[in-house]
>>> print(open('protein.txt').read())   # compact mmCIF, C-alpha atoms
# COMPACT_ATOMS: atom_id res chain seq x y z
CA MET P 1 10.79 -22.18 8.04
CA MET P 2 8.80 -19.01 8.61
CA ASN P 3 7.92 -17.01 5.51
CA LEU P 4 8.87 -13.33 5.10
CA PRO P 5 5.48 -11.79 6.01
CA ASN P 6 5.36 -13.82 9.23
CA LYS P 7 8.95 -12.84 10.05
CA LEU P 8 7.95 -9.18 9.68
CA THR P 9 5.01 -9.78 12.03
CA VAL P 10 7.30 -11.34 14.63
CA VAL P 11 9.75 -8.43 14.26
CA ARG P 12 6.84 -6.04 14.91
CA ILE P 13 5.95 -7.92 18.09
CA PHE P 14 9.56 -7.69 19.32
CA MET P 15 9.64 -3.96 18.52
CA ILE P 16 6.89 -3.34 21.10
CA PRO P 17 9.08 -3.87 24.21
CA LEU P 18 11.89 -1.90 22.52
CA PHE P 19 9.45 0.96 21.92
CA MET P 20 8.28 0.78 25.55
CA VAL P 21 11.82 0.86 26.95
CA VAL P 22 12.78 3.84 24.80
CA VAL P 23 9.77 6.01 25.72
CA LEU P 24 9.34 4.91 29.35
CA ALA P 25 12.81 4.26 30.76
CA PRO P 26 14.01 7.07 33.07
CA TRP P 27 17.00 8.14 31.02
CA ASP P 28 17.79 11.49 29.55
CA TRP P 29 18.96 11.57 25.95
CA GLY P 30 18.45 15.30 25.82
CA THR P 31 15.97 17.43 23.92
CA LEU P 32 15.68 19.06 20.53
CA GLN P 33 14.27 22.51 19.94
CA VAL P 34 12.05 22.37 16.85
CA GLY P 35 10.70 25.86 16.29
CA ASN P 36 8.92 26.76 19.52
CA THR P 37 8.48 23.08 20.50
CA THR P 38 10.77 21.13 22.79
CA LEU P 39 10.98 17.46 21.83
CA ALA P 40 12.65 14.81 23.98
CA VAL P 41 15.01 12.65 21.93
CA THR P 42 13.42 9.56 23.50
CA GLN P 43 10.04 10.65 22.09
CA LEU P 44 11.58 11.17 18.63
CA VAL P 45 13.26 7.74 18.70
CA GLY P 46 10.04 6.18 20.00
CA ALA P 47 8.07 7.78 17.14
CA ILE P 48 10.58 6.40 14.63
CA ILE P 49 10.38 2.89 16.12
CA PHE P 50 6.57 3.07 16.08
CA ALA P 51 6.53 4.30 12.46
CA ILE P 52 8.85 1.49 11.32
CA ALA P 53 6.79 -1.11 13.19
CA SER P 54 3.59 0.32 11.65
CA TYR P 55 5.11 0.12 8.19
CA THR P 56 5.87 -3.59 8.70
CA ASP P 57 2.11 -4.04 9.26
CA HIS P 58 1.44 -2.66 5.77
CA LEU P 59 4.40 -4.48 4.23
CA ASP P 60 3.75 -7.98 5.58
CA GLY P 61 0.15 -7.99 4.33
CA LYS P 62 1.16 -6.68 0.91
CA ILE P 63 3.89 -9.32 0.51
CA ALA P 64 1.64 -12.13 1.78
CA ARG P 65 -1.11 -11.31 -0.73
CA ALA P 66 1.26 -10.70 -3.66
CA ARG P 67 3.20 -13.94 -3.15
CA GLY P 68 0.33 -16.13 -1.98
CA LEU P 69 1.91 -16.55 1.46
CA VAL P 70 -1.25 -16.17 3.57
CA THR P 71 -1.03 -18.58 6.52
CA ASN P 72 -3.07 -19.35 9.64
CA PHE P 73 -0.21 -17.98 11.75
CA GLY P 74 -0.29 -14.74 9.77
CA LYS P 75 -4.08 -14.46 10.04
CA PHE P 76 -3.74 -14.81 13.82
CA ALA P 77 -0.50 -12.95 14.57
CA ASP P 78 -0.71 -10.00 12.17
CA PRO P 79 -3.86 -8.35 13.60
CA LEU P 80 -2.74 -9.27 17.13
CA ALA P 81 0.65 -7.59 16.63
CA ASP P 82 -1.06 -4.52 15.17
CA LYS P 83 -3.42 -4.18 18.14
CA MET P 84 -0.64 -4.82 20.69
CA LEU P 85 1.51 -2.09 19.11
CA VAL P 86 -1.28 0.49 18.85
CA MET P 87 -2.76 -0.18 22.30
CA THR P 88 0.69 0.03 23.93
CA ALA P 89 1.38 3.37 22.23
CA PHE P 90 -2.04 4.77 23.20
CA ILE P 91 -1.80 3.68 26.84
CA ILE P 92 1.62 5.31 27.17
CA LEU P 93 0.21 8.52 25.62
CA VAL P 94 -2.50 8.55 28.31
CA GLN P 95 0.16 8.09 31.00
CA GLN P 96 2.13 10.99 29.52
CA GLY P 97 -0.96 13.20 29.45
CA LYS P 98 -0.96 13.54 25.65
CA ALA P 99 -4.26 11.75 24.97
CA PRO P 100 -7.54 11.75 26.93
CA ALA P 101 -8.22 8.48 28.73
CA TRP P 102 -11.87 8.41 27.60
CA VAL P 103 -10.87 8.49 23.91
CA ILE P 104 -8.39 5.66 24.36
CA ALA P 105 -10.88 3.64 26.43
CA ILE P 106 -13.38 3.79 23.54
CA ILE P 107 -10.69 2.73 21.06
CA VAL P 108 -9.57 -0.19 23.26
CA CYS P 109 -13.17 -1.35 23.84
CA ARG P 110 -13.90 -1.25 20.11
CA GLU P 111 -10.77 -3.27 19.33
CA LEU P 112 -11.72 -5.91 21.89
CA ALA P 113 -15.31 -6.08 20.61
CA VAL P 114 -14.28 -6.44 16.96
CA THR P 115 -11.66 -9.05 17.86
CA GLY P 116 -14.37 -11.03 19.65
CA LEU P 117 -16.63 -10.68 16.60
CA ARG P 118 -13.84 -11.92 14.32
CA LEU P 119 -13.37 -14.99 16.53
CA LEU P 120 -17.10 -15.70 16.49
CA ILE P 121 -17.21 -15.44 12.69
CA VAL P 122 -14.31 -17.89 12.38
CA GLU P 123 -15.96 -20.27 14.87
CA GLN P 124 -19.19 -20.18 12.83
CA GLY P 125 -17.23 -21.14 9.72
CA GLY P 126 -17.37 -17.70 8.15
CA GLY P 127 -13.64 -17.40 7.54
CA VAL P 128 -11.50 -14.38 8.31
CA MET P 129 -13.35 -11.06 8.31
CA ALA P 130 -11.54 -8.75 5.91
CA ALA P 131 -10.93 -5.15 6.89
CA ALA P 132 -13.42 -2.78 5.25
CA MET P 133 -12.52 0.75 4.13
CA PRO P 134 -13.68 2.46 7.38
CA GLY P 135 -11.43 0.07 9.32
CA LYS P 136 -8.49 0.85 7.05
CA ILE P 137 -9.05 4.59 7.53
CA LYS P 138 -9.23 3.99 11.29
CA THR P 139 -5.89 2.17 11.23
CA THR P 140 -4.18 4.83 9.09
CA THR P 141 -5.41 7.71 11.24
CA GLN P 142 -4.37 5.81 14.38
CA MET P 143 -0.83 5.35 13.10
CA VAL P 144 -0.43 8.95 11.88
CA GLY P 145 -2.05 10.38 15.02
CA ILE P 146 0.19 8.36 17.33
CA VAL P 147 3.36 9.45 15.54
CA LEU P 148 2.29 13.12 15.68
CA LEU P 149 1.40 12.84 19.37
CA TYR P 150 4.86 11.44 20.17
CA LEU P 151 6.45 14.21 18.07
CA ASN P 152 4.52 16.94 19.97
CA ASN P 153 2.74 17.83 16.71
CA VAL P 154 5.95 18.60 14.78
CA PRO P 155 5.89 19.82 11.96
CA PHE P 156 2.29 21.12 12.17
CA ASN P 157 3.11 23.26 15.21
CA TYR P 158 4.90 25.62 12.79
CA ILE P 159 1.57 26.59 11.23
CA GLY P 160 -0.50 26.39 14.41
CA ILE P 161 -2.66 23.42 13.38
CA PRO P 162 -3.16 20.80 16.14
CA MET P 163 -2.96 17.96 13.61
CA ASP P 164 -2.08 15.43 16.32
CA GLN P 165 -5.41 16.10 18.07
CA ILE P 166 -7.32 16.33 14.78
CA MET P 167 -6.02 12.90 13.73
CA LEU P 168 -6.85 11.47 17.15
CA TYR P 169 -10.49 12.57 16.88
CA ILE P 170 -10.78 11.47 13.23
CA CYS P 171 -9.43 8.13 14.42
CA LEU P 172 -12.04 8.07 17.20
CA PHE P 173 -14.83 8.74 14.70
CA PHE P 174 -13.70 5.95 12.36
CA THR P 175 -13.12 3.64 15.33
CA ILE P 176 -16.77 4.00 16.33
CA TYR P 177 -18.10 3.99 12.76
CA SER P 178 -16.10 0.97 11.60
CA GLY P 179 -17.00 -0.94 14.77
CA TYR P 180 -20.69 -0.23 14.13
CA ASP P 181 -20.22 -1.24 10.47
CA TYR P 182 -18.68 -4.61 11.39
CA PHE P 183 -21.47 -5.44 13.83
CA ALA P 184 -24.25 -4.16 11.53
CA LYS P 185 -23.03 -6.46 8.75
CA ASN P 186 -22.90 -9.47 11.08
CA THR P 187 -26.09 -9.16 13.15
CA GLY P 188 -27.19 -12.57 11.85
CA LEU P 189 -24.61 -14.20 14.11
CA PHE P 190 -26.63 -13.19 17.16
CA LYS P 191 -30.16 -14.00 15.99
CA GLY P 192 -31.84 -16.59 18.17
CA SER P 193 -28.90 -16.73 20.57
CA MET P 194 -29.98 -14.14 23.13
>>> encode(input="protein.txt", output="structure tokens")
Amino acid sequence: MMNLPNKLTVVRIFMIPLFMVVVLAPWDWGTLQVGNTTLAVTQLVGAIIFAIASYTDHLDGKIARARGLVTNFGKFADPLADKMLVMTAFIILVQQGKAPAWVIAIIVCRELAVTGLRLLIVEQGGGVMAAAMPGKIKTTTQMVGIVLLYLNNVPFNYIGIPMDQIMLYICLFFTIYSGYDYFAKNTGLFKGSM
């Protein structure tokens, strides 16, 4: 039997293709006029699916820690599901012209590098590398930025603040900083191996 946190992780993984179909399939569900912004219904539904999936990432970890349900499957699948969801959303945003490819390339490269570092730490017997505060800020700004990008910056377009782009660049900063932080704290893994 799979415990509740792991079930939530699996649900998040299955929400990724649903999200992709909603935002990429060539169907027309119409548009909404929100102030001076036109928003495709598919983008709104996609943003809702992404937000729900992102919330399961917070919820499964909280439940696992509170109930002592941390498992090897959860340690493996939870961060993988998170990265799959975020990378899918970012790549689609590049395709739609809503995010610069160079920003997303840096984010993807950082995620791959830190994932490799995590695997190396586990292999060396160091256990699972816990997320530090810069990494948590990076994840939060990613999630908020992605939702705002899919919503065409609603509701911040009412007051003329490009919050979707602001969050994207804050996310980029914390992506780079937290990646540096992880490697700076684990330089000992590479000593004498180059």
>>> residues_around(input="protein.txt", residues="segment 97-108 of chain P", least_positions_apart="4", cutoff="8 Å", atoms="all atoms listed in the file", output="PyMOL selection string")
chain P and resi 87+90-91+93+112+149+172+175-176
>>> write_last_selection(input="protein.txt", atoms="C-alpha atoms", output="compact mmCIF listing (two decimals), keeping the file's coordinate frame")
# COMPACT_ATOMS: atom_id res chain seq x y z
CA MET P 87 -2.76 -0.18 22.30
CA PHE P 90 -2.04 4.77 23.20
CA ILE P 91 -1.80 3.68 26.84
CA LEU P 93 0.21 8.52 25.62
CA LEU P 112 -11.72 -5.91 21.89
CA LEU P 149 1.40 12.84 19.37
CA LEU P 172 -12.04 8.07 17.20
CA THR P 175 -13.12 3.64 15.33
CA ILE P 176 -16.77 4.00 16.33
>>> residues_around(input="protein.txt", residues="Ala53 of chain P", least_positions_apart="4", cutoff="7 Å", atoms="all atoms listed in the file", output="VMD selection string")
chain P and resid 12 15 49 57
>>> closest_residue(input="protein.txt", among="P:Leu4, P:Ile146, P:Gly135, P:Leu44", to="Ala66 of chain P", atoms="only C-alpha atoms")
P:Leu4
>>> atom_distance(input="protein.txt", atom1="atom CA of Thr71 of chain P", atom2="atom CA of Phe19 of chain P")
27.0 Å
>>> residues_around(input="protein.txt", residues="Val10 of chain P", least_positions_apart="4", cutoff="8 Å", atoms="only C-alpha atoms", output="tab-separated table (two decimals) with C-alpha atoms, keeping the file's coordinate frame")
chain	number	residue	atom	x	y	z
P	6	ASN	CA	5.36	-13.82	9.23
P	14	PHE	CA	9.56	-7.69	19.32
P	77	ALA	CA	-0.50	-12.95	14.57
P	81	ALA	CA	0.65	-7.59	16.63
>>> closest_residue(input="protein.txt", among="P:Met163, P:Met2, P:Gly145, P:Asn152", to="Val70 of chain P", atoms="only C-alpha atoms")
P:Met2
>>> residues_around(input="protein.txt", residues="Tyr150 of chain P", least_positions_apart="4", cutoff="12 Å", atoms="all atoms listed in the file", output="PyMOL selection string")
chain P and resi 19+22-23+38-51+89-90+92-94+96-99+143-146+154-155+164-165
>>> residues_around(input="protein.txt", residues="Ala132 of chain P", least_positions_apart="6", cutoff="12 Å", atoms="all atoms listed in the file", output="list of chain:residue names")
P:Lys138, P:Thr139, P:Phe174, P:Thr175, P:Tyr177, P:Ser178, P:Gly179, P:Tyr180, P:Asp181, P:Tyr182, P:Lys185
>>> closest_atom_pairs(input="protein.txt", of="segment 22-100 of chain P", to="segment 122-126 of chain P", cutoff="12 Å", atoms="only C-alpha atoms", output="CSV")
residue,atom,partner,partner_atom,distance
P:Asn72,CA,P:Val122,CA,11.7
P:Lys75,CA,P:Val122,CA,11.0
P:Phe76,CA,P:Val122,CA,11.1
>>> atom_distance(input="protein.txt", atom1="atom CA of Tyr169 of chain P", atom2="atom CA of Gln142 of chain P")
9.5 Å
>>> atom_distance(input="protein.txt", atom1="atom CA of Ala64 of chain P", atom2="atom CA of Ile13 of chain P")
17.4 Å
